[in-house]
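Novice: Got entry32.cif for you, mmCIF, C-alpha atoms and all ligand atoms:
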data_model
loop_
_atom_site.label_atom_id
_atom_site.label_comp_id
_atom_site.auth_asym_id
_atom_site.auth_seq_id
_atom_site.Cartn_x
_atom_site.Cartn_y
_atom_site.Cartn_z
CA MET P 1 0.00 0.00 0.00
CA GLU P 2 2.82 2.35 1.00
CA GLN P 3 4.53 1.56 -2.30
CA THR P 4 1.42 2.45 -4.36
CA LYS P 5 1.07 5.77 -2.55
CA LYS P 6 4.57 6.75 -3.45
CA LYS P 7 4.40 5.65 -7.05
CA TYR P 8 1.36 7.54 -8.31
CA ALA P 9 0.30 11.16 -8.12
CA LEU P 10 -3.29 10.52 -7.10
CA LYS P 11 -4.52 14.13 -6.96
CA THR P 12 -3.06 15.00 -10.37
CA THR P 13 -4.48 11.83 -11.89
CA ILE P 14 -7.98 12.52 -10.52
CA PHE P 15 -7.78 16.13 -11.73
CA LEU P 16 -6.70 15.06 -15.23
CA PHE P 17 -9.67 12.69 -15.47
CA ALA P 18 -12.23 14.86 -13.69
CA THR P 19 -11.77 18.10 -15.67
CA PRO P 20 -12.67 16.65 -19.10
CA ILE P 21 -15.47 14.45 -17.67
CA ILE P 22 -17.10 17.25 -15.67
CA GLY P 23 -16.41 19.74 -18.48
CA VAL P 24 -17.96 17.63 -21.24
CA ILE P 25 -20.95 16.30 -19.26
CA GLY P 26 -21.63 19.63 -17.54
CA THR P 27 -21.36 21.73 -20.69
CA GLY P 28 -23.44 19.16 -22.62
CA ALA P 29 -26.15 19.24 -19.95
CA LEU P 30 -26.29 23.05 -20.04
CA LEU P 31 -26.42 23.04 -23.85
CA PHE P 32 -29.35 20.61 -23.98
CA THR P 33 -31.32 22.08 -21.10
CA ARG P 34 -31.07 25.84 -21.32
CA GLY P 35 -28.32 26.66 -23.81
CA ILE P 36 -25.16 28.68 -23.24
CA PRO P 37 -25.14 32.45 -23.90
CA LEU P 38 -22.80 33.85 -26.55
CA ASN P 39 -20.95 35.90 -23.92
CA THR P 40 -19.98 32.73 -22.07
CA TRP P 41 -18.61 31.24 -25.30
CA LEU P 42 -16.58 34.42 -25.79
CA VAL P 43 -15.14 34.07 -22.28
CA TYR P 44 -14.31 30.44 -23.10
CA LEU P 45 -12.46 31.52 -26.27
CA PHE P 46 -10.67 34.31 -24.44
CA MET P 47 -9.58 32.00 -21.61
CA THR P 48 -8.41 29.32 -24.08
CA ALA P 49 -6.32 31.84 -26.00
CA ALA P 50 -5.00 33.70 -22.94
CA THR P 51 -3.99 30.58 -21.02
CA GLY P 52 -2.67 28.81 -24.15
CA LEU P 53 -0.51 31.77 -25.13
CA ALA P 54 0.64 32.24 -21.53
CA ILE P 55 2.02 28.71 -21.70
CA THR P 56 3.61 28.98 -25.17
CA GLY P 57 4.77 32.62 -25.07
CA GLY P 58 5.40 32.75 -21.32
CA TYR P 59 6.17 29.40 -19.66
CA HIS P 60 7.85 28.07 -22.80
CA ARG P 61 9.59 30.73 -24.87
CA LEU P 62 10.14 33.40 -22.19
CA PHE P 63 10.76 31.56 -18.93
CA SER P 64 12.11 28.16 -20.04
CA HIS P 65 14.21 29.34 -22.98
CA ARG P 66 14.83 33.02 -22.26
CA ALA P 67 14.32 33.65 -25.98
CA TYR P 68 13.35 37.30 -25.40
CA LYS P 69 12.74 39.80 -22.62
CA ALA P 70 9.29 40.86 -21.46
CA SER P 71 8.09 43.91 -19.56
CA LEU P 72 6.41 43.54 -16.16
CA PRO P 73 2.77 43.73 -17.43
CA VAL P 74 3.47 40.98 -19.99
CA LYS P 75 5.24 38.87 -17.40
CA LEU P 76 2.33 39.26 -14.97
CA PHE P 77 -0.13 38.30 -17.69
CA TYR P 78 1.85 35.08 -18.30
CA ILE P 79 2.15 34.33 -14.59
CA LEU P 80 -1.58 34.78 -13.92
CA PHE P 81 -3.04 33.12 -17.01
CA GLY P 82 -0.30 30.47 -17.14
CA ALA P 83 -1.40 29.36 -13.64
CA ALA P 84 -4.99 29.13 -14.94
CA ALA P 85 -3.82 26.40 -17.37
CA PHE P 86 -3.12 24.11 -14.36
CA GLN P 87 0.24 22.94 -15.64
CA GLN P 88 2.18 23.63 -12.43
CA SER P 89 4.18 26.75 -11.62
CA VAL P 90 6.58 28.44 -14.04
CA ILE P 91 9.48 27.03 -11.99
CA GLU P 92 8.25 23.41 -12.07
CA TRP P 93 7.26 23.57 -15.73
CA SER P 94 10.50 25.19 -16.87
CA SER P 95 12.64 22.79 -14.87
CA ASP P 96 10.96 19.80 -16.55
CA HIS P 97 11.17 21.44 -19.94
CA ARG P 98 14.85 22.30 -19.69
CA ILE P 99 15.54 18.68 -18.71
CA HIS P 100 13.43 17.56 -21.69
CA HIS P 101 15.63 19.56 -24.07
CA ARG P 102 18.89 18.53 -22.47
CA PHE P 103 18.12 14.81 -22.33
CA VAL P 104 15.55 14.50 -25.12
CA ASP P 105 14.58 10.85 -25.82
CA LYS P 106 16.83 9.61 -23.01
CA GLU P 107 15.93 8.07 -19.65
CA GLU P 108 16.16 11.45 -17.87
CA ASP P 109 13.69 13.12 -20.30
CA PRO P 110 10.55 13.58 -18.13
CA TYR P 111 8.21 13.01 -21.09
CA ALA P 112 10.37 10.86 -23.34
CA ILE P 113 8.54 9.66 -26.46
CA THR P 114 10.87 6.64 -26.38
CA LYS P 115 8.73 5.40 -23.45
CA GLY P 116 5.66 5.41 -25.67
CA PHE P 117 3.16 7.87 -27.18
CA TRP P 118 0.77 7.86 -24.22
CA TYR P 119 3.59 8.09 -21.71
CA ALA P 120 4.84 11.28 -23.39
CA HIS P 121 1.27 12.57 -23.70
CA ILE P 122 -0.13 12.08 -20.21
CA LEU P 123 1.04 8.97 -18.34
CA TRP P 124 4.23 10.65 -17.10
CA LEU P 125 2.01 12.97 -15.06
CA PHE P 126 0.47 10.08 -13.16
CA GLU P 127 3.82 9.30 -11.58
CA ASN P 128 4.46 10.82 -8.19
CA ARG P 129 7.10 13.50 -8.52
CA ASP P 130 6.52 15.25 -5.18
CA HIS P 131 9.94 14.28 -3.90
CA ARG P 132 11.57 16.21 -6.73
CA THR P 133 13.28 19.58 -6.27
CA PRO P 134 13.27 21.68 -9.42
CA VAL P 135 16.76 22.04 -10.85
CA ASN P 136 18.30 24.18 -13.63
CA VAL P 137 16.08 27.10 -12.69
CA ASN P 138 18.20 29.31 -10.40
CA ASP P 139 17.60 32.25 -12.73
CA LEU P 140 13.84 31.85 -12.27
CA TYR P 141 14.05 31.68 -8.46
CA GLU P 142 15.70 35.10 -8.64
CA ASP P 143 12.65 36.62 -10.34
CA LYS P 144 10.41 37.78 -7.47
CA TRP P 145 7.17 37.48 -9.46
CA VAL P 146 7.98 33.98 -10.67
CA LYS P 147 8.93 33.03 -7.11
CA PHE P 148 5.68 34.58 -5.84
CA GLN P 149 3.69 32.45 -8.30
CA ASP P 150 5.56 29.34 -7.16
CA ASP P 151 4.88 30.11 -3.48
CA HIS P 152 1.16 30.75 -4.04
CA TYR P 153 0.59 28.56 -7.08
CA TYR P 154 -2.58 26.72 -6.06
CA LYS P 155 -4.37 29.84 -4.83
CA ILE P 156 -3.56 31.71 -8.06
CA ALA P 157 -4.43 28.71 -10.24
CA ILE P 158 -7.82 28.14 -8.58
CA PHE P 159 -8.69 31.81 -8.68
CA MET P 160 -7.61 32.44 -12.30
CA GLY P 161 -8.67 29.03 -13.64
CA PHE P 162 -12.09 28.62 -11.99
CA ILE P 163 -13.23 31.63 -9.94
CA PHE P 164 -12.31 34.34 -12.47
CA PRO P 165 -14.34 32.89 -15.42
CA THR P 166 -17.19 32.03 -13.05
CA LEU P 167 -17.39 35.61 -11.70
CA LEU P 168 -17.09 37.04 -15.20
CA CYS P 169 -19.98 34.95 -16.53
CA ALA P 170 -22.03 35.69 -13.40
CA LEU P 171 -22.30 39.23 -14.78
CA TRP P 172 -24.92 37.92 -17.23
CA GLY P 173 -26.27 35.30 -14.86
CA ASP P 174 -24.30 32.31 -16.20
CA ALA P 175 -21.91 31.50 -13.34
CA LEU P 176 -22.37 27.78 -13.94
CA GLY P 177 -21.53 28.12 -17.65
CA GLY P 178 -18.40 30.05 -16.67
CA LEU P 179 -17.35 27.33 -14.25
CA LEU P 180 -18.06 24.35 -16.52
CA LEU P 181 -17.21 25.64 -20.00
CA ALA P 182 -14.60 28.39 -19.43
CA GLY P 183 -13.26 26.59 -16.34
CA SER P 184 -13.34 22.81 -16.41
CA PHE P 185 -13.76 22.09 -20.14
CA ARG P 186 -11.24 24.79 -21.13
CA ILE P 187 -8.60 23.41 -18.72
CA ALA P 188 -8.91 19.97 -20.34
CA VAL P 189 -8.54 21.53 -23.79
CA ASN P 190 -5.48 23.52 -22.65
CA HIS P 191 -3.95 20.39 -21.17
CA HIS P 192 -4.20 18.30 -24.28
CA MET P 193 -3.02 21.14 -26.52
CA THR P 194 0.22 21.20 -24.52
CA PHE P 195 0.38 17.41 -24.19
CA PHE P 196 0.23 17.00 -27.97
CA ILE P 197 3.50 18.92 -28.26
CA ASN P 198 5.17 16.31 -26.08
CA SER P 199 3.52 13.36 -27.82
CA LEU P 200 2.48 14.10 -31.43
CA ALA P 201 5.23 16.64 -32.15
CA HIS P 202 7.75 13.94 -31.24
CA TYR P 203 5.89 11.33 -33.24
CA LYS P 204 4.56 12.49 -36.60
CA GLY P 205 5.97 15.02 -39.05
CA ASP P 206 9.10 16.06 -40.91
CA GLN P 207 12.65 16.52 -39.77
CA PRO P 208 14.03 19.27 -42.01
CA PHE P 209 16.73 20.45 -39.58
CA SER P 210 17.95 17.39 -37.68
CA ASP P 211 17.29 13.72 -37.11
CA LYS P 212 19.43 13.52 -34.00
CA HIS P 213 16.26 13.64 -31.90
CA THR P 214 12.61 12.66 -32.37
CA ALA P 215 11.18 16.22 -32.61
CA LYS P 216 9.11 16.81 -35.75
CA ASP P 217 7.83 19.77 -37.74
CA ASN P 218 4.09 19.42 -38.29
CA TRP P 219 1.95 22.39 -39.40
CA LEU P 220 -1.24 20.60 -38.39
CA ILE P 221 -0.07 20.41 -34.77
CA ALA P 222 0.88 24.11 -34.97
CA LEU P 223 -2.78 24.90 -35.73
CA PHE P 224 -4.00 23.82 -32.31
CA THR P 225 -0.89 24.57 -30.22
CA PHE P 226 -0.51 28.29 -30.96
CA GLY P 227 2.36 27.64 -33.34
CA GLU P 228 4.38 25.10 -31.37
CA GLY P 229 4.14 22.43 -34.08
CA TYR P 230 7.46 23.37 -35.67
CA HIS P 231 9.13 21.27 -33.04
CA ASN P 232 12.06 19.98 -35.11
CA PHE P 233 13.21 23.55 -35.65
CA HIS P 234 12.58 24.33 -31.99
CA HIS P 235 14.67 21.44 -30.66
CA GLU P 236 17.51 22.33 -33.00
CA PHE P 237 17.42 26.07 -32.25
CA GLN P 238 15.80 26.41 -28.83
CA ALA P 239 17.26 29.89 -28.26
CA ASP P 240 15.19 31.30 -31.16
CA TYR P 241 11.97 33.04 -30.07
CA ARG P 242 10.24 31.74 -33.21
CA ASN P 243 9.07 28.20 -33.92
CA GLY P 244 7.68 28.78 -37.41
CA ILE P 245 10.30 30.83 -39.25
CA ARG P 246 8.70 31.35 -42.68
CA TRP P 247 6.22 34.21 -43.05
CA PHE P 248 3.40 31.79 -43.86
CA ASP P 249 4.07 29.47 -40.92
CA TYR P 250 1.20 29.50 -38.44
CA ASP P 251 2.90 30.74 -35.28
CA PRO P 252 0.53 33.02 -33.30
CA THR P 253 2.89 32.93 -30.31
CA LYS P 254 5.56 34.59 -32.46
CA TRP P 255 3.00 37.13 -33.71
CA LEU P 256 2.00 37.92 -30.11
CA ILE P 257 5.65 38.44 -29.09
CA ASN P 258 6.17 40.66 -32.17
CA THR P 259 3.07 42.67 -31.25
CA PHE P 260 4.35 43.12 -27.68
CA ALA P 261 7.72 44.21 -29.13
CA PHE P 262 5.98 46.70 -31.46
CA PHE P 263 4.37 48.36 -28.44
CA GLY P 264 7.65 48.33 -26.50
CA LEU P 265 6.45 45.60 -24.13
CA ALA P 266 9.00 42.96 -25.24
CA SER P 267 12.60 43.20 -26.42
CA ASP P 268 15.81 41.28 -27.24
CA ARG P 269 14.07 38.71 -29.43
CA LYS P 270 16.77 36.13 -30.15
CA THR P 271 17.03 34.61 -33.61
CA ILE P 272 19.45 32.10 -35.09
CA SER P 273 21.27 33.36 -38.18
CA GLU P 274 19.88 32.43 -41.59
CA GLU P 275 23.25 30.88 -42.46
CA GLN P 276 23.18 28.52 -39.49
CA ILE P 277 19.61 27.48 -40.22
CA LEU P 278 20.31 26.85 -43.91
CA ARG P 279 23.47 24.89 -43.12
CA LYS P 280 21.50 22.42 -40.98
CA LYS P 281 18.77 22.21 -43.58
CA MET P 282 21.29 21.41 -46.33
CA ILE P 283 22.89 18.65 -44.25
CA MET P 284 19.44 17.03 -43.98
CA ASP P 285 18.73 17.57 -47.72
CA GLU P 286 21.99 15.86 -48.58
CA LYS P 287 21.32 13.01 -46.21
CA ALA P 288 17.89 12.38 -47.73
CA LEU P 289 19.37 12.35 -51.26
CA ARG P 290 22.10 9.89 -50.30
CA GLU P 291 19.56 7.60 -48.61
CA LYS P 292 17.32 7.78 -51.69
CA LEU P 293 20.14 6.90 -54.07
CA GLU P 294 21.56 4.21 -51.81
CA SER P 295 18.14 2.57 -51.53
CA LYS P 296 18.16 2.33 -55.33
CA SER P 297 21.62 0.73 -55.01
CA GLU P 298 23.15 3.48 -57.10
CA THR P 299 26.90 3.88 -56.74
CA LEU P 300 27.80 7.45 -55.98
CA SER P 301 30.55 8.50 -58.37
CA GLN P 302 33.38 10.95 -57.82
CA GLY P 303 31.53 13.28 -60.19
CA PHE P 304 28.48 13.24 -57.92
CA GLU P 305 30.55 14.17 -54.86
CA GLU P 306 32.26 16.99 -56.73
CA ARG P 307 28.98 18.39 -58.06
CA LEU P 308 27.42 18.26 -54.63
CA GLU P 309 30.34 20.10 -53.07
CA ALA P 310 30.34 22.74 -55.81
CA LEU P 311 26.62 23.38 -55.37
CA ARG P 312 26.92 23.51 -51.60
CA ASN P 313 29.79 25.99 -51.80
CA SER P 314 27.90 28.09 -54.30
CA VAL P 315 24.89 28.39 -51.93
CA GLN P 316 27.06 29.25 -48.96
CA GLU P 317 29.21 31.76 -50.84
CA THR P 318 26.28 33.59 -52.44
CA GLN P 319 24.45 33.68 -49.12
CA ALA P 320 27.52 35.07 -47.30
CA LYS P 321 27.93 37.71 -50.01
CA LEU P 322 24.27 38.71 -49.76
CA ILE P 323 24.46 39.07 -45.98
CA THR P 324 27.65 41.15 -46.22
CA LEU P 325 26.18 43.46 -48.87
CA LYS P 326 22.91 43.84 -46.94
CA ALA P 327 24.90 45.13 -43.95
CA VAL P 328 26.47 47.89 -46.09
CA LYS P 329 23.43 48.53 -48.27
CA GLU P 330 23.84 52.31 -48.09
CA GLU P 331 27.37 52.18 -49.48
CA VAL P 332 26.96 49.56 -52.21
CA GLY P 333 23.49 50.57 -53.34
CA LYS P 334 20.24 48.67 -53.87
CA LYS P 335 21.26 47.24 -57.24
CA ALA P 336 24.23 45.33 -55.87
CA VAL P 337 22.07 43.81 -53.11
CA LYS P 338 19.42 42.87 -55.65
CA GLU P 339 21.98 41.11 -57.83
CA ALA P 340 23.44 39.24 -54.87
CA LYS P 341 19.93 38.18 -53.88
CA SER P 342 19.25 36.84 -57.35
CA ASP P 343 22.60 34.93 -57.40
CA PHE P 344 21.73 33.35 -54.05
CA LYS P 345 18.25 32.39 -55.26
CA VAL P 346 19.68 30.71 -58.38
CA ALA P 347 22.27 28.80 -56.33
CA LEU P 348 19.67 27.69 -53.79
CA ASN P 349 17.19 26.59 -56.46
CA THR P 350 19.88 24.58 -58.24
CA TRP P 351 20.75 22.93 -54.94
CA LYS P 352 17.09 22.16 -54.24
CA ARG P 353 16.62 20.62 -57.70
CA PHE P 354 19.78 18.56 -57.30
CA VAL P 355 18.90 17.15 -53.89
CA SER P 356 15.32 16.44 -54.91
CA GLY P 357 16.68 14.33 -57.76
CA ASP P 358 15.40 16.68 -60.51
CA LEU P 359 18.90 17.05 -61.90
CA ALA P 360 20.82 13.96 -62.94
CA PRO P 361 22.68 12.94 -59.77
CA VAL P 362 25.78 11.70 -61.55
ZN ZN P 401 11.24 24.09 -25.70
ZN ZN P 402 10.08 18.43 -27.33
#
Spell out the structure here as structure tokens.
Ligand SMILES: [Zn+2]
Ligand SMILES: [Zn+2]

Specialist:
Amino acid sequence: MEQTKKKYALKTTIFLFATPIIGVIGTGALLFTRGIPLNTWLVYLFMTAATGLAITGGYHRLFSHRAYKASLPVKLFYILFGAAAFQQSVIEWSSDHRIHHRFVDKEEDPYAITKGFWYAHILWLFENRDHRTPVNVNDLYEDKWVKFQDDHYYKIAIFMGFIFPTLLCALWGDALGGLLLAGSFRIAVNHHMTFFINSLAHYKGDQPFSDKHTAKDNWLIALFTFGEGYHNFHHEFQADYRNGIRWFDYDPTKWLINTFAFFGLASDRKTISEEQILRKKMIMDEKALREKLESKSETLSQGFEERLEALRNSVQETQAKLITLKAVKEEVGKKAVKEAKSDFKVALNTWKRFVSGDLAPV
């Protein structure tokens, strides 16, 4: 009996089962009996977005990775609404997450996908971890607001997660709708949004930047995780405040941080250089081509190796030239930059065609 007590986190397990059950049954009952007012749905949407973004923009990119700096109002928003997501305090969450990055896929990884999809998704939370002291988070202990949240976590979480939406919806006489839909049901939704990053984003998708770990890029996951689906990029370049780097990538967390920065509420957004990113991408392109050719039992000739090297050098040289000229744009003029850009584009396109097998490989 003693053994069982120590092994499982009973309260967390009950909470993880109770919130979706009460949320779904309760909301369903309200819907079929008296309906739910539009205002309550709006509070539900607001709470989902605010708590979701507090986890991705706050707990994850700001506190765990220090990918940018945030002003006090932004930090307080993350601390309050992050607690409402019921995913532990910033300190606990960040400690686990930093360990996840450092030991990804290994025994020490708290939510290692190598222990199974469901383990990474939710089962790891059923294990009792009360004995654990958060490590790797000395910087966060020094932040008085983060420390305050850690000291008063449950009070803040209960108030922001349940009482706040209940009181808000009580304004139009729907306290119960606030509690069940914007409280219980929304917490379950928030949970699984985050859990999918640990499970699905390490399970299904592409690996354009590295295959040294299981993290995947998957735009579909980005759609319901506020942009955290570009997880292969993220694991390779965790210091970058972005997850989706192309303009068309769905990364609302990045857009929120950019909006804060525009209004002077965030600063020092860290990005990895385009050269570094492209270098990793090209290593993976090359690897895929070699695997493709080797699977067809094609012998790679000396000519192939030489061509590959020439194309690779051409991309890197034209990119370096473009970056240099961009930095002294005023002196060299727009035309020179434009030409360098076009040379880089040609080199990159030739590389892409070569590695995709469009050009004869030998
Ligand atoms: Zn991360
Ligand atoms: Zn991960």

Novice: I'd like the interatomic distance between atom CA of P:Val74 and atom CA of P:Glu142, to a tenth of an Å.

Specialist: 17.7 Å

Novice: Quick one: pull the distance between atom CA of P:Ala29 and atom CA of P:Arg186, Å, one decimal.

Specialist: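 Interatomic distance, atom CA of P:Ala29 to atom CA of P:Arg186: 16.0 Å.
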
Novice: What's the separation between atom CA of P:Phe185 and atom CA of P:Ser95, in Å to one decimal place?

Specialist: 26.9 Å

Novice: Restricting the calculation to only C-alpha atoms and all ligand atoms, which member of P:Gly333, P:Pro110, P:Pro73, P:Gly303 is positioned closest to ligand ZN 402 (chain P)?

Specialist: P:Pro110

Novice: If I wrap all listed atoms of stretch 86-99 of chain P in a box with edges along x, y and z and add 5 Å on each side, what are its centre and edge lengths in Å to one decimal, as AutoDock Vina command-line options?

Specialist:
--center_x 6.2 --center_y 23.6 --center_z -15.8 --size_x 28.7 --size_y 19.8 --size_z 18.3

Novice: Can you pull out every residue within 12 Å of P:Ala49, counting only C-alpha atoms, but drop anything in the same chain fewer than 3 positions away, and send it as a PyMOL selection string?

Specialist: chain P and resi 42-46+52-57+78+81-82+84-85+182+186-187+189-190+193+224-226+252-253+256

Novice: Using all atoms listed in the file, find each protein or nucleic acid residue lying at most 12 Å from ligand ZN 401 (chain P); present the set as an NGL selection string.

Specialist: :P and (55-67 or 93-102 or 104 or 194 or 197-198 or 201 or 215 or 228-243)

Novice: Tell me which of P:Tyr153, P:Tyr203, P:Trp118, P:Phe77 sits closest to ligand ZN 402 (chain P), counting all atoms listed in the file.

Specialist: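 Checking each of P:Tyr153, P:Tyr203, P:Trp118, P:Phe77 against ligand ZN 402 (chain P), counting all atoms listed in the file, the winner is P:Tyr203.
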
Novice: P:Ala112, P:Val346, P:Ile36, P:Ile277: which is nearest ligand ZN 402 (chain P), counting all atoms listed in the file?

Specialist: P:Ala112

Novice: Using only C-alpha atoms, can you list as number ranges by chain the residues within 6 Å of (-15.7, 24.0, -15.8)?

Specialist: P: 23, 179-185

Novice: Within 9 Å of stretch 287-290 of chain P, counting all atoms listed in the file, which residues qualify if same-chain residues fewer than 4 places away don't, as a short mmCIF file (atom, residue, chain, number, x, y, z; two decimals) with C-alpha atoms, keeping the file's coordinate frame?

Specialist:
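Listing of selection_36.cif after writing:
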data_model
loop_
_atom_site.label_atom_id
_atom_site.label_comp_id
_atom_site.auth_asym_id
_atom_site.auth_seq_id
_atom_site.Cartn_x
_atom_site.Cartn_y
_atom_site.Cartn_z
CA MET P 282 21.29 21.41 -46.33
CA ILE P 283 22.89 18.65 -44.25
CA GLU P 294 21.56 4.21 -51.81
CA SER P 295 18.14 2.57 -51.53
CA LEU P 300 27.80 7.45 -55.98
CA PHE P 354 19.78 18.56 -57.30
CA VAL P 355 18.90 17.15 -53.89
CA SER P 356 15.32 16.44 -54.91
CA GLY P 357 16.68 14.33 -57.76
#

Novice: At a cut-off of 8 Å, using all atoms listed in the file, what residues contact P:His121? Leave out same-chain residues fewer than 3 positions from it and give the result as a PDB file with C-alpha atoms, keeping the file's coordinate frame.

Specialist:
ATOM      1  CA  TYR P 111       8.210  13.010 -21.090  1.00  0.00           C
ATOM      2  CA  PHE P 117       3.160   7.870 -27.180  1.00  0.00           C
ATOM      3  CA  TRP P 118       0.770   7.860 -24.220  1.00  0.00           C
ATOM      4  CA  TRP P 124       4.230  10.650 -17.100  1.00  0.00           C
ATOM      5  CA  HIS P 192      -4.200  18.300 -24.280  1.00  0.00           C
ATOM      6  CA  PHE P 195       0.380  17.410 -24.190  1.00  0.00           C
ATOM      7  CA  PHE P 196       0.230  17.000 -27.970  1.00  0.00           C
ATOM      8  CA  ASN P 198       5.170  16.310 -26.080  1.00  0.00           C
ATOM      9  CA  SER P 199       3.520  13.360 -27.820  1.00  0.00           C
ATOM     10  CA  LEU P 200       2.480  14.100 -31.430  1.00  0.00           C
TER      11      LEU P 200
END

Novice: I'd like to know which of P:Ala188, P:Ala120, P:Leu16, P:Leu38 is closest to ligand ZN 402 (chain P), using only C-alpha atoms and all ligand atoms.

Specialist: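 So, comparing all the options, the nearest one is P:Ala120.
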
Novice: From the list P:Leu348, P:Val146, P:Met284, P:Ile257, which residue is nearest P:Ser314 when using all atoms listed in the file?

Specialist: P:Leu348

Novice: Using all atoms listed in the file, which protein or nucleic acid residues come within 12 Å of P:Asp150? Drop anything in the same chain fewer than 4 positions from it, and give the result as a ChimeraX atom specification.

Specialist: /P:79-80,82-83,87-94,134,140-146,154-157

Novice: Which one of P:Lys254, P:Phe32, P:Ser71, P:Asp105 sits closest to P:Ala222 if you count only C-alpha atoms?

Specialist: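 Once distances to P:Ala222 are computed over only C-alpha atoms, the minimum belongs to P:Lys254.
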
Novice: Please provide as a ChimeraX atom specification all residues within 8 Å of stretch 341-343 of chain P, with the sequence filter that same-chain residues fewer than 6 positions apart are discarded (counting all atoms listed in the file).

Specialist: /P:318-319,322
